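Participant: Take a look at coords-v9.cif, mmCIF, C-alpha atoms:
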data_run
#
loop_
_atom_site.label_atom_id
_atom_site.label_comp_id
_atom_site.auth_asym_id
_atom_site.auth_seq_id
_atom_site.Cartn_x
_atom_site.Cartn_y
_atom_site.Cartn_z
CA MET A 65 276.39 -49.63 -167.14
CA THR A 66 274.40 -49.02 -170.30
CA ASP A 67 274.59 -47.28 -173.61
CA GLU A 68 270.86 -47.48 -174.07
CA THR A 69 268.90 -46.44 -171.00
CA ARG A 70 267.67 -43.34 -172.75
CA THR A 71 265.48 -45.25 -175.13
CA SER A 72 263.99 -42.24 -176.86
CA GLN A 73 267.31 -40.40 -177.38
CA GLY A 74 266.95 -39.17 -180.92
CA GLU A 75 265.14 -42.41 -181.78
CA ARG A 76 268.63 -43.84 -182.24
CA ALA A 77 269.76 -40.85 -184.26
CA GLY A 78 271.26 -41.66 -187.54
CA GLY A 79 269.05 -44.74 -187.74
CA ARG A 80 270.92 -47.95 -188.27
CA THR A 81 272.40 -46.90 -191.55
CA ARG A 82 275.21 -49.03 -192.79
CA LYS A 83 276.90 -47.44 -195.74
CA GLY A 84 278.94 -49.97 -197.72
CA LEU A 85 282.33 -49.12 -199.11
CA ALA A 86 283.20 -48.96 -202.77
CA ALA A 87 283.24 -52.18 -204.78
CA ALA A 88 287.00 -51.98 -205.10
CA ALA A 89 287.39 -52.10 -201.35
CA ALA A 90 285.08 -55.10 -201.18
CA LEU A 91 287.19 -56.91 -203.76
CA LEU A 92 290.35 -56.04 -201.89
CA LEU A 93 288.93 -57.58 -198.73
CA ALA A 94 287.40 -60.67 -200.28
CA GLY A 95 290.51 -62.73 -199.72
CA LEU A 96 290.62 -61.82 -196.03
CA ALA A 97 287.48 -63.77 -195.25
CA VAL A 98 288.81 -67.11 -196.48
CA ALA A 99 291.67 -69.03 -194.92
CA PRO A 100 294.33 -70.08 -197.47
CA VAL A 101 294.23 -73.69 -198.60
CA ALA A 102 297.30 -75.63 -197.46
CA ALA A 103 299.46 -77.07 -200.20
CA ALA A 104 299.70 -80.83 -200.53
CA GLY A 105 301.66 -82.25 -197.64
CA GLU A 106 301.57 -79.01 -195.63
CA ARG A 107 300.39 -79.11 -192.05
CA THR A 108 297.35 -76.89 -191.46
CA PRO A 109 298.14 -74.38 -188.69
CA GLN A 110 296.17 -74.86 -185.47
CA PRO A 111 293.73 -72.04 -184.73
CA ARG A 112 294.99 -69.54 -182.16
CA ARG A 113 293.34 -66.87 -180.06
CA GLY A 114 293.07 -63.67 -182.06
CA ASP A 115 293.30 -65.39 -185.44
CA LEU A 116 291.38 -63.41 -188.04
CA VAL A 117 288.48 -65.32 -189.60
CA ALA A 118 286.81 -62.66 -191.74
CA VAL A 119 286.79 -58.94 -192.54
CA THR A 120 283.59 -57.26 -193.71
CA PRO A 121 283.41 -53.58 -194.74
CA VAL A 122 280.53 -51.91 -192.89
CA ALA A 123 280.99 -48.15 -193.25
CA GLY A 124 282.88 -45.45 -195.09
CA ARG A 125 282.57 -41.73 -194.31
CA ASP A 126 284.50 -38.64 -195.35
CA ALA A 127 285.37 -36.03 -192.71
CA GLY A 128 282.22 -34.03 -193.38
CA GLN A 129 280.04 -37.08 -192.93
CA VAL A 130 281.79 -37.93 -189.67
CA ARG A 131 281.06 -34.43 -188.39
CA SER A 132 277.39 -34.82 -189.38
CA PHE A 133 277.17 -38.17 -187.60
CA LEU A 134 278.66 -36.70 -184.43
CA ALA A 135 276.44 -33.61 -184.67
CA GLY A 136 273.43 -35.94 -184.57
CA TRP A 137 274.54 -36.89 -181.06
CA ASP A 138 275.54 -33.33 -180.02
CA VAL A 139 279.19 -34.41 -179.85
CA ASP A 140 282.00 -31.88 -180.26
CA ALA A 141 283.49 -32.56 -183.71
CA ASP A 142 286.35 -30.03 -183.59
CA GLY A 143 288.89 -32.85 -183.47
CA VAL A 144 287.74 -34.44 -186.74
CA ARG A 145 290.63 -34.33 -189.22
CA TYR A 146 290.02 -37.34 -191.45
CA GLY A 147 287.34 -39.54 -192.87
CA LEU A 148 287.21 -43.21 -191.91
CA ARG A 149 286.56 -46.76 -193.02
CA ALA A 150 285.07 -49.34 -190.68
CA TYR A 151 285.14 -53.13 -190.83
CA ARG A 152 283.55 -55.96 -188.91
CA LEU A 153 286.22 -58.43 -187.82
CA THR A 154 285.36 -62.02 -186.97
CA TYR A 155 288.08 -63.66 -184.90
CA ARG A 156 288.88 -66.63 -182.70
CA THR A 157 288.77 -66.34 -178.93
CA VAL A 158 287.68 -68.38 -175.90
CA ASP A 159 284.46 -68.59 -173.89
CA PRO A 160 284.26 -68.11 -170.09
CA TYR A 161 285.31 -71.74 -169.61
CA GLY A 162 288.33 -71.51 -171.90
CA GLY A 163 286.73 -73.36 -174.80
CA PRO A 164 287.22 -72.16 -178.40
CA THR A 165 284.66 -69.80 -179.88
CA THR A 166 284.46 -66.78 -182.16
CA ALA A 167 283.58 -63.15 -181.58
CA THR A 168 283.18 -60.01 -183.66
CA GLY A 169 284.21 -56.40 -183.30
CA LEU A 170 284.61 -53.13 -185.17
CA LEU A 171 287.93 -51.95 -186.61
CA THR A 172 287.86 -48.31 -187.67
CA LEU A 173 290.74 -46.75 -189.62
CA PRO A 174 291.31 -43.11 -190.55
CA THR A 175 291.60 -42.33 -194.25
CA GLY A 176 294.60 -40.03 -193.64
CA GLY A 177 297.31 -39.32 -191.13
CA ARG A 178 300.36 -41.38 -190.28
CA HIS A 179 301.01 -44.58 -192.18
CA ARG A 180 301.64 -46.57 -188.98
CA LEU A 181 298.80 -46.06 -186.54
CA ASP A 182 298.49 -46.09 -182.78
CA LEU A 183 295.53 -48.16 -181.63
CA VAL A 184 292.64 -47.20 -179.37
CA SER A 185 290.76 -49.98 -177.59
CA ASP A 186 287.15 -48.84 -177.12
CA THR A 187 284.99 -51.15 -174.99
CA HIS A 188 281.24 -50.49 -175.07
CA GLY A 189 278.56 -50.28 -172.40
CA THR A 190 275.66 -52.55 -171.50
CA MET A 191 273.47 -53.76 -174.35
CA VAL A 192 270.91 -56.55 -174.35
CA ASP A 193 270.29 -56.63 -178.11
CA ARG A 194 273.12 -58.39 -179.97
CA ASP A 195 272.31 -56.38 -183.11
CA TYR A 196 273.08 -53.12 -181.32
CA ALA A 197 276.78 -54.04 -181.02
CA PRO A 198 279.34 -51.67 -182.64
CA SER A 199 280.19 -53.95 -185.56
CA VAL A 200 276.53 -54.33 -186.55
CA SER A 201 274.73 -51.06 -185.81
CA GLU A 202 275.92 -47.61 -186.89
CA ASP A 203 274.49 -45.93 -183.83
CA PHE A 204 275.46 -44.43 -180.48
CA GLY A 205 277.96 -47.22 -179.81
CA ARG A 206 280.15 -46.01 -182.65
CA VAL A 207 280.59 -42.46 -181.33
CA PRO A 208 283.91 -43.13 -179.50
CA SER A 209 285.27 -45.17 -182.42
CA TYR A 210 284.48 -42.45 -184.94
CA VAL A 211 285.81 -39.62 -182.75
CA ASN A 212 289.11 -41.41 -182.21
CA ALA A 213 289.54 -42.66 -185.77
CA ALA A 214 288.75 -39.26 -187.28
CA ALA A 215 291.52 -37.84 -185.08
CA GLY A 216 294.05 -40.20 -186.66
CA ARG A 217 294.15 -43.48 -184.71
CA ALA A 218 292.96 -46.98 -185.46
CA VAL A 219 290.18 -48.14 -183.13
CA ALA A 220 289.38 -51.72 -182.07
CA ALA A 221 285.92 -52.02 -180.49
CA PRO A 222 285.07 -55.60 -179.45
CA ASP A 223 281.43 -56.63 -179.42
CA TYR A 224 282.27 -59.04 -176.52
CA LEU A 225 281.13 -62.65 -176.41
CA GLY A 226 277.57 -63.35 -177.49
CA LEU A 227 276.94 -59.92 -179.03
CA GLY A 228 277.26 -58.77 -182.63
CA ARG A 229 277.71 -61.88 -184.74
CA GLY A 230 279.29 -64.00 -182.01
CA PRO A 231 277.54 -67.21 -180.88
CA GLY A 232 275.97 -67.97 -177.50
CA PRO A 233 274.70 -65.73 -174.70
CA HIS A 234 276.58 -62.68 -173.47
CA PRO A 235 278.26 -63.25 -170.06
CA TYR A 236 277.34 -59.81 -168.75
CA LEU A 237 279.88 -58.28 -166.34
CA ASP A 238 282.12 -61.34 -166.49
CA THR A 239 285.32 -59.35 -166.51
CA ALA A 240 287.69 -62.20 -167.37
CA SER A 241 285.96 -63.19 -170.61
CA SER A 242 285.48 -59.54 -171.60
CA VAL A 243 289.23 -59.06 -171.28
CA THR A 244 290.12 -62.15 -173.31
CA ALA A 245 287.69 -61.06 -176.05
CA SER A 246 289.24 -57.56 -175.97
CA VAL A 247 292.85 -58.76 -176.12
CA ASP A 248 292.00 -61.11 -178.97
CA MET A 249 290.24 -58.25 -180.78
CA LEU A 250 293.51 -56.29 -180.58
CA ARG A 251 295.33 -59.23 -182.16
CA ALA A 252 292.76 -59.54 -184.94
CA ALA A 253 292.93 -55.79 -185.52
CA ARG A 254 296.73 -55.97 -185.84
CA THR A 255 296.43 -58.58 -188.58
CA ALA A 256 293.60 -56.81 -190.42
CA ALA A 257 295.28 -53.39 -190.27
CA GLU A 258 298.48 -54.85 -191.70
CA ARG A 259 296.60 -56.43 -194.61
CA LEU A 260 294.72 -53.18 -195.20
CA GLY A 261 297.99 -51.29 -195.55
CA ARG A 262 297.79 -49.41 -192.22
CA PRO A 263 300.13 -51.27 -189.84
CA LEU A 264 299.94 -50.62 -186.10
CA THR A 265 302.69 -49.21 -183.89
CA GLY A 266 301.88 -51.42 -180.90
CA GLU A 267 300.87 -48.46 -178.69
CA VAL A 268 297.40 -48.98 -177.15
CA TYR A 269 295.24 -46.22 -175.68
CA ALA A 270 292.43 -47.83 -173.67
CA THR A 271 289.03 -46.27 -173.15
CA GLY A 272 285.52 -47.57 -172.65
CA PHE A 273 282.11 -46.52 -171.40
CA SER A 274 280.01 -47.89 -168.55
CA GLN A 275 280.41 -51.69 -168.56
CA GLY A 276 283.24 -50.95 -170.97
CA GLY A 277 284.87 -48.58 -168.49
CA GLN A 278 285.32 -51.49 -166.12
CA VAL A 279 286.59 -53.66 -169.00
CA ALA A 280 289.07 -50.94 -170.03
CA MET A 281 290.56 -50.89 -166.53
CA ALA A 282 290.98 -54.66 -166.54
CA LEU A 283 292.34 -54.66 -170.09
CA GLY A 284 294.91 -52.03 -169.13
CA ARG A 285 296.11 -54.22 -166.31
CA ALA A 286 296.32 -57.26 -168.59
CA LEU A 287 298.40 -55.34 -171.14
CA GLU A 288 300.77 -54.00 -168.49
CA GLU A 289 301.19 -57.53 -167.18
CA GLY A 290 302.24 -58.73 -170.64
CA ALA A 291 299.07 -60.24 -172.11
CA ASP A 292 300.54 -59.77 -175.60
CA ARG A 293 304.13 -58.77 -176.36
CA HIS A 294 303.08 -56.83 -179.45
CA PHE A 295 301.07 -54.27 -177.46
CA ARG A 296 302.15 -51.61 -174.95
CA LEU A 297 299.63 -49.67 -172.88
CA ALA A 298 300.12 -45.92 -173.46
CA ALA A 299 297.24 -44.35 -171.52
CA LEU A 300 293.97 -45.24 -169.82
CA ALA A 301 290.77 -43.16 -169.92
CA PRO A 302 287.59 -45.06 -168.97
CA VAL A 303 284.21 -43.32 -168.69
CA SER A 304 281.51 -43.96 -166.06
CA GLY A 305 282.49 -47.52 -165.22
CA PRO A 306 280.88 -49.67 -162.47
CA TYR A 307 284.21 -50.38 -160.77
CA ASP A 308 282.75 -51.13 -157.32
CA LEU A 309 279.67 -53.38 -157.40
CA GLU A 310 279.85 -54.35 -153.75
CA GLY A 311 280.56 -50.94 -152.26
CA GLN A 312 278.83 -48.55 -154.68
CA GLU A 313 276.65 -49.92 -157.47
CA MET A 314 274.61 -52.52 -155.59
CA PRO A 315 273.91 -50.25 -152.58
CA ALA A 316 272.89 -47.52 -155.04
CA LEU A 317 270.08 -49.76 -156.30
CA PHE A 318 268.43 -49.41 -152.90
CA ASP A 319 269.25 -45.87 -151.79
CA GLY A 320 267.85 -43.97 -154.78
CA ARG A 321 271.11 -43.16 -156.58
CA VAL A 322 270.20 -45.52 -159.47
CA ASN A 323 266.92 -44.83 -161.27
CA ASP A 324 264.29 -47.58 -161.27
CA THR A 325 264.29 -48.33 -165.01
CA SER A 326 268.04 -48.79 -165.20
CA GLY A 327 268.19 -50.62 -161.89
CA VAL A 328 265.65 -53.21 -163.01
CA LEU A 329 267.43 -53.78 -166.31
CA TYR A 330 270.89 -54.08 -164.75
CA ILE A 331 269.98 -56.40 -161.91
CA ALA A 332 267.90 -58.70 -164.11
CA TYR A 333 270.63 -58.90 -166.74
CA TRP A 334 273.35 -59.42 -164.13
CA LEU A 335 271.50 -62.18 -162.29
CA VAL A 336 270.57 -64.10 -165.45
CA ALA A 337 274.07 -63.86 -166.91
CA GLN A 338 275.94 -64.53 -163.69
CA ASN A 339 273.72 -67.51 -162.86
CA ARG A 340 275.23 -69.30 -165.85
CA LEU A 341 278.66 -68.90 -164.22
CA HIS A 342 277.83 -68.98 -160.49
CA PRO A 343 275.10 -70.92 -158.61
CA LEU A 344 272.98 -67.90 -157.69
CA TYR A 345 269.63 -69.70 -158.03
CA LYS A 346 268.33 -73.07 -159.21
CA ASP A 347 265.06 -71.73 -160.56
CA PRO A 348 264.23 -68.14 -161.63
CA SER A 349 261.34 -68.11 -159.13
CA GLU A 350 263.89 -68.11 -156.29
CA ALA A 351 265.12 -64.68 -157.43
CA PHE A 352 262.25 -63.16 -159.42
CA ARG A 353 258.62 -62.68 -158.49
CA ALA A 354 255.76 -63.88 -160.70
CA PRO A 355 254.97 -63.17 -163.47
CA TRP A 356 258.52 -62.04 -164.33
CA ALA A 357 260.21 -65.25 -163.22
CA SER A 358 258.70 -67.10 -166.17
CA ARG A 359 259.90 -64.62 -168.79
CA VAL A 360 263.08 -62.94 -167.57
CA GLU A 361 265.57 -65.44 -169.03
CA SER A 362 263.90 -65.50 -172.46
CA LEU A 363 263.72 -61.69 -172.52
CA LEU A 364 267.48 -61.54 -171.96
CA ASP A 365 268.52 -64.02 -174.64
CA GLY A 366 270.11 -61.34 -176.88
CA SER A 367 267.30 -61.23 -179.44
CA HIS A 368 265.15 -58.51 -177.83
CA GLU A 369 265.65 -54.76 -178.01
CA GLN A 370 266.08 -52.98 -174.71
CA GLU A 371 262.71 -51.24 -174.93
CA GLU A 372 260.98 -54.63 -175.15
CA VAL A 373 262.98 -56.00 -172.22
CA VAL A 374 262.15 -53.01 -170.03
CA ARG A 375 258.44 -53.26 -170.90
CA GLY A 376 258.48 -56.95 -169.96
CA LEU A 377 259.95 -56.43 -166.48
CA ALA A 378 258.71 -54.91 -163.23
CA PRO A 379 258.80 -51.13 -162.69
CA SER A 380 261.20 -51.36 -159.73
CA VAL A 381 263.81 -53.68 -158.25
CA ALA A 382 261.69 -54.18 -155.13
CA GLN A 383 258.78 -55.39 -157.27
CA LEU A 384 260.97 -57.55 -159.53
CA LEU A 385 262.82 -59.60 -156.92
CA THR A 386 261.58 -61.88 -154.16
CA PRO A 387 261.98 -60.55 -150.59
CA ALA A 388 264.56 -63.25 -149.84
CA PHE A 389 266.68 -62.37 -152.85
CA LEU A 390 266.43 -58.65 -152.13
CA GLU A 391 267.90 -59.41 -148.73
CA ARG A 392 270.71 -61.40 -150.35
CA LEU A 393 271.62 -58.38 -152.46
CA ARG A 394 271.38 -55.94 -149.54
CA HIS A 395 273.63 -58.16 -147.43
CA PRO A 396 275.58 -60.23 -149.97
CA SER A 397 277.37 -63.43 -149.04
CA GLY A 398 278.28 -66.73 -150.68
CA ALA A 399 277.92 -66.96 -154.45
CA VAL A 400 276.31 -63.51 -154.75
CA LEU A 401 279.22 -61.85 -152.99
CA ASP A 402 281.73 -63.92 -155.00
CA ALA A 403 280.12 -62.76 -158.26
CA MET A 404 280.37 -59.12 -157.16
CA ARG A 405 283.95 -59.38 -155.98
CA THR A 406 285.07 -61.19 -159.12
CA ALA A 407 284.27 -57.97 -160.99
CA ASP A 408 285.55 -55.60 -158.32
CA HIS A 409 289.34 -55.79 -158.65
CA THR A 410 289.82 -53.85 -161.86
CA CYS A 411 291.30 -50.83 -160.03
CA ASP A 412 293.51 -52.80 -157.64
CA TRP A 413 296.86 -52.22 -159.39
CA LYS A 414 299.37 -49.49 -160.20
CA PRO A 415 299.30 -48.31 -163.83
CA ASP A 416 302.63 -47.04 -165.13
CA VAL A 417 300.89 -44.83 -167.70
CA PRO A 418 298.75 -41.67 -167.47
CA VAL A 419 295.23 -42.41 -166.17
CA ARG A 420 292.16 -40.21 -166.25
CA LEU A 421 288.72 -41.28 -165.02
CA TYR A 422 285.65 -39.57 -166.49
CA ALA A 423 282.26 -39.62 -164.74
CA ALA A 424 279.28 -37.37 -163.96
CA ALA A 425 277.59 -36.22 -160.77
CA GLY A 426 274.24 -36.33 -162.61
CA ASP A 427 274.59 -40.00 -163.54
CA THR A 428 271.77 -42.15 -162.10
CA ASP A 429 272.91 -45.33 -163.83
CA VAL A 430 276.50 -45.59 -162.59
CA PRO A 431 276.90 -43.10 -159.74
CA LEU A 432 280.01 -40.95 -159.46
CA GLY A 433 281.02 -42.87 -156.34
CA ASN A 434 282.27 -45.69 -158.58
CA ALA A 435 284.94 -43.44 -160.11
CA ARG A 436 285.85 -41.97 -156.72
CA ALA A 437 286.28 -45.47 -155.26
CA CYS A 438 288.42 -46.55 -158.22
CA ALA A 439 290.61 -43.46 -157.88
CA ARG A 440 291.12 -44.13 -154.16
CA THR A 441 292.09 -47.73 -154.85
CA LEU A 442 294.54 -46.74 -157.59
CA ALA A 443 296.03 -44.02 -155.37
CA GLY A 444 296.48 -46.61 -152.64
CA GLN A 445 298.69 -48.51 -155.06
CA GLY A 446 300.78 -45.40 -155.70
CA ALA A 447 299.13 -44.25 -158.95
CA ARG A 448 298.35 -40.61 -159.71
CA VAL A 449 294.80 -40.37 -161.03
CA ARG A 450 292.55 -37.47 -161.94
CA VAL A 451 288.76 -37.81 -161.83
CA VAL A 452 286.95 -35.57 -164.33
CA ASP A 453 283.42 -34.85 -163.09
CA GLN A 454 281.25 -33.79 -166.04
CA GLY A 455 278.63 -32.36 -163.72
CA ALA A 456 274.87 -32.49 -164.21
CA VAL A 457 274.81 -34.63 -167.37
CA ASP A 458 273.26 -38.10 -167.17
CA HIS A 459 274.92 -41.46 -167.83
CA PHE A 460 274.39 -41.34 -171.57
CA GLY A 461 275.55 -37.73 -171.72
CA SER A 462 278.73 -38.47 -169.75
CA VAL A 463 280.31 -40.30 -172.69
CA LEU A 464 279.06 -37.83 -175.30
CA VAL A 465 280.81 -35.03 -173.41
CA SER A 466 283.84 -37.12 -172.49
CA ALA A 467 284.68 -38.78 -175.83
CA PRO A 468 286.26 -35.68 -177.47
CA GLN A 469 288.05 -34.89 -174.20
CA VAL A 470 289.50 -38.39 -174.18
CA VAL A 471 290.87 -37.79 -177.69
CA ARG A 472 292.59 -34.61 -176.51
CA PHE A 473 293.96 -36.43 -173.47
CA PHE A 474 295.42 -39.13 -175.72
CA ASP A 475 296.86 -36.46 -178.02
CA GLY A 476 298.63 -34.87 -175.07
CA VAL A 477 300.04 -38.21 -173.92
CA ARG A 478 301.42 -38.96 -177.38
CA ARG A 479 303.22 -35.60 -177.55
#
What does this structure look like when you write it as structure tokens?

Facilitator:
Amino acid sequence: MTDETRTSQGERAGGRTRKGLAAAAALLLAGLAVAPVAAAGERTPQPRRGDLVAVTPVAGRDAGQVRSFLAGWDVDADGVRYGLRAYRLTYRTVDPYGGPTTATGLLTLPTGGRHRLDLVSDTHGTMVDRDYAPSVSEDFGRVPSYVNAAAGRAVAAPDYLGLGRGPGPHPYLDTASSVTASVDMLRAARTAAERLGRPLTGEVYATGFSQGGQVAMALGRALEEGADRHFRLAALAPVSGPYDLEGQEMPALFDGRVNDTSGVLYIAYWLVAQNRLHPLYKDPSEAFRAPWASRVESLLDGSHEQEEVVRGLAPSVAQLLTPAFLERLRHPSGAVLDAMRTADHTCDWKPDVPVRLYAAAGDTDVPLGNARACARTLAGQGARVRVVDQGAVDHFGSVLVSAPQVVRFFDGVRR
């Protein structure tokens, strides 16, 4: 579920450097951030989902710099062919209740290659710090975007609601709102890419890691069901997604397959976020033991780094939750079961495109059983699916190994 459980990994290698683009590029983009003023007597267009609000240059790297960035994460850089330019997009979307809001995301474009670009949708894993989102921090979360863009495709990486520069709290593992934010990011990317002189073909290759693996599956389904007529799903390659909360991920919290640090973070984040959408508890003390009940919601307000959140919570799930709530999770029913099942139908369809699921036997955040369960469900619908087991690497390592392989998979599909 998370990009960040290995808190000491390279001390966030590469820092949080944000190299601006040349002044000329900034001038070129200045007009994108301001809506045109309607002429006298003209009717102002009503805002629509996916409308582009602003474009902000956030990074520019030549091919050598991309290789250096990837080397800092021990990522295979053999597929790097081009440099890249990256932009934060601010766009209109809807909140979990259907009300208007805005969100942000990262659009990354190669500096070479074809004029018209295929588009990769890259959906990120769990993060509690809004400033760690792909459009804000040049860190681990940008690895898939940079790998894919340097290979010659545009990449749209939504921050999701409530992360990056979007308002409000993040509705963690609310699949429906993650999909609407992702579809609307594709729309905003289409507009921005056109204005930047790199129009899109309409072909979408969907990938994502951890929480984003689950989102990628749901996004693929939405695109195949016609969520936007401009986009056609070409291939699907999620990595280490929690596709089966009820049957795999939640039981793994209690049988040792999920490590204590990650388990505490995930369950606290999930309960706090889901409680805003489902009536899981009236007061935090119903779910969380003292002293954590009094601090858990403020710790998970999007303004704290993961290390601080982990330090502020209990060392294990059994110590964090009340005995009654532990029992509700072990034997879910009612609102708890509804919240799980709402997220658990992302594999219940038949993709008409090539699908490859990446995971790792050594993962103690999102156990391999999630990918196996997803593959079985897809096969039951008549889909042919291959699961790529990356072996003894951990959760974090599963995407570092998989990202270049995903690029090669997409290359093979395009040919």

Participant: Would you list the contacts of Val200 of chain A as an MDAnalysis selection string, taking every protein, DNA or RNA residue within 8 Å and counting only C-alpha atoms, but skipping same-chain residues closer than 5 positions in sequence?

Facilitator: chainID A and resid 122 152 195 228:229

Participant: Translate the PyMOL selection byres ((chain A and resi 180) around 6), as applied to the file shown, into an explicit residue set as a PyMOL selection string.

Facilitator: chain A and resi 178-179+181+262-265

Participant: Report the closest atom pair, with its distance in Å rounded to one decimal, for each residue of segment 146-195 of chain A that has an atom no farther than 7 Å from segment 245-260 of chain A; count all atoms listed in the file, sort by chain and then rising residue number, and write it as a tab-separated table.

Facilitator:
residue	atom	partner	partner_atom	distance
A:Tyr155	CA	A:Ala252	CA	6.2
A:Thr157	CA	A:Ala245	CA	6.1
A:Gly169	CA	A:Met249	CA	6.8
A:Leu171	CA	A:Ala253	CA	6.4

Participant: Which residue is closest to Ala280 of chain A? Choose from A:Thr239, A:Gln110, A:Thr187, A:Thr325 and count only C-alpha atoms.

Facilitator: A:Thr187

Participant: Run through the PyMOL selection byres ((chain A and resi 124) around 6) on the given coordinates and return the selected residues as a PyMOL selection string.

Facilitator: chain A and resi 85+123+125+148-149

Participant: Print the selection's residues with C-alpha atoms to a file, as an mmCIF file, keeping the file's coordinate frame.

Facilitator:
data_model
loop_
_atom_site.group_PDB
_atom_site.id
_atom_site.type_symbol
_atom_site.label_atom_id
_atom_site.label_comp_id
_atom_site.auth_asym_id
_atom_site.auth_seq_id
_atom_site.Cartn_x
_atom_site.Cartn_y
_atom_site.Cartn_z
ATOM 1 C CA LEU A 85 282.330 -49.120 -199.110
ATOM 2 C CA ALA A 123 280.990 -48.150 -193.250
ATOM 3 C CA ARG A 125 282.570 -41.730 -194.310
ATOM 4 C CA LEU A 148 287.210 -43.210 -191.910
ATOM 5 C CA ARG A 149 286.560 -46.760 -193.020
#

Participant: So which one's closest to Glu310 of chain A, A:Pro379, A:Pro418, A:Gly216, A:Pro396? Using all atoms listed in the file, please.

Facilitator: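 Smallest separation from Glu310 of chain A among the options: A:Pro396.
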
Participant: Need the axis-aligned box for segment 286-290 of chain A with 8 Å each side, so what are the centre and edges in Å to one decimal, as AutoDock Vina command-line options?

Facilitator:
--center_x 299.3 --center_y -56.4 --center_z -169.2 --size_x 21.9 --size_y 20.7 --size_z 20.0

Participant: For each of A:Val477, A:Leu363, A:Val381, A:Ala218, take the minimum atom-to-atom distance to Met314 of chain A, counting only C-alpha atoms, then give the residue where this is smallest.

Facilitator: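 Checking each candidate against Met314 of chain A, we get A:Val381 as the closest.
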
Participant: Looking at all atoms listed in the file, which of A:Arg321, A:His409, A:Arg392, A:Arg217 is the one that sits closest to Gly426 of chain A?

Facilitator: A:Arg321

Participant: Pick out the closest residue to Gly284 of chain A from this set: A:Tyr210, A:Tyr307, A:Trp413, A:Tyr161. Count all atoms listed in the file.

Facilitator: A:Trp413

Participant: Between A:Ala150, A:Ala167, A:Leu421, A:Leu390, which residue has the minimum interatomic distance to Pro302 of chain A, considering only C-alpha atoms?

Facilitator: A:Leu421

Participant: Applying the PyMOL selection byres ((chain A and resi 454) around 7) to the file I just gave you, which residues come out? Please list them as a PyMOL selection string.

Facilitator: chain A and resi 423-425+452-453+455-457+462

Participant: I want to know what sits within 6 Å of segment 290-298 of chain A, based on all atoms listed in the file, with residues of the same chain fewer than 3 positions away left out; could you give that as a JSON list (two decimals) with C-alpha atoms, in the frame of the given file?

Facilitator:
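File produced: selection05.json:
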[["chain", "number", "residue", "atom", "x", "y", "z"],
["A", 266, "GLY", "CA", 301.88, -51.42, -180.90],
["A", 267, "GLU", "CA", 300.87, -48.46, -178.69],
["A", 268, "VAL", "CA", 297.40, -48.98, -177.15],
["A", 269, "TYR", "CA", 295.24, -46.22, -175.68],
["A", 286, "ALA", "CA", 296.32, -57.26, -168.59],
["A", 287, "LEU", "CA", 298.40, -55.34, -171.14],
["A", 417, "VAL", "CA", 300.89, -44.83, -167.70]]

Participant: Please identify all polymer residues within 12 Å of segment 402-407 of chain A, counting only C-alpha atoms, omitting same-chain residues fewer than 2 positions from it, and present them as a ChimeraX atom specification.

Facilitator: /A:235-243,275,278-279,281-282,305-315,331,334-335,337-344,393,395-400,409-412

Participant: Return segment 345-352 of chain A, completed with N, CA, C and O atoms, as an mmCIF file, keeping the file's coordinate frame.

Facilitator:
data_model
loop_
_atom_site.group_PDB
_atom_site.id
_atom_site.type_symbol
_atom_site.label_atom_id
_atom_site.label_comp_id
_atom_site.auth_asym_id
_atom_site.auth_seq_id
_atom_site.Cartn_x
_atom_site.Cartn_y
_atom_site.Cartn_z
ATOM 1 N N TYR A 345 270.959 -69.128 -158.269
ATOM 2 C CA TYR A 345 269.630 -69.700 -158.030
ATOM 3 C C TYR A 345 269.470 -70.932 -158.897
ATOM 4 O O TYR A 345 270.114 -71.079 -159.946
ATOM 5 N N LYS A 346 268.614 -71.861 -158.438
ATOM 6 C CA LYS A 346 268.330 -73.070 -159.210
ATOM 7 C C LYS A 346 267.164 -72.854 -160.164
ATOM 8 O O LYS A 346 267.111 -73.448 -161.240
ATOM 9 N N ASP A 347 266.228 -72.031 -159.744
ATOM 10 C CA ASP A 347 265.060 -71.730 -160.560
ATOM 11 C C ASP A 347 264.837 -70.224 -160.520
ATOM 12 O O ASP A 347 265.028 -69.603 -159.456
ATOM 13 N N PRO A 348 264.440 -69.594 -161.636
ATOM 14 C CA PRO A 348 264.230 -68.140 -161.630
ATOM 15 C C PRO A 348 263.263 -67.669 -160.540
ATOM 16 O O PRO A 348 263.391 -66.542 -160.046
ATOM 17 N N SER A 349 262.320 -68.519 -160.141
ATOM 18 C CA SER A 349 261.340 -68.110 -159.130
ATOM 19 C C SER A 349 261.976 -67.883 -157.768
ATOM 20 O O SER A 349 261.365 -67.253 -156.897
ATOM 21 N N GLU A 350 263.199 -68.376 -157.544
ATOM 22 C CA GLU A 350 263.890 -68.110 -156.290
ATOM 23 C C GLU A 350 264.339 -66.645 -156.224
ATOM 24 O O GLU A 350 264.448 -66.071 -155.128
ATOM 25 N N ALA A 351 264.614 -66.057 -157.383
ATOM 26 C CA ALA A 351 265.120 -64.680 -157.430
ATOM 27 C C ALA A 351 264.067 -63.687 -157.879
ATOM 28 O O ALA A 351 264.028 -62.555 -157.372
ATOM 29 N N PHE A 352 263.201 -64.084 -158.807
ATOM 30 C CA PHE A 352 262.250 -63.160 -159.420
ATOM 31 C C PHE A 352 260.818 -63.507 -159.030
ATOM 32 O O PHE A 352 260.435 -64.677 -158.995
#
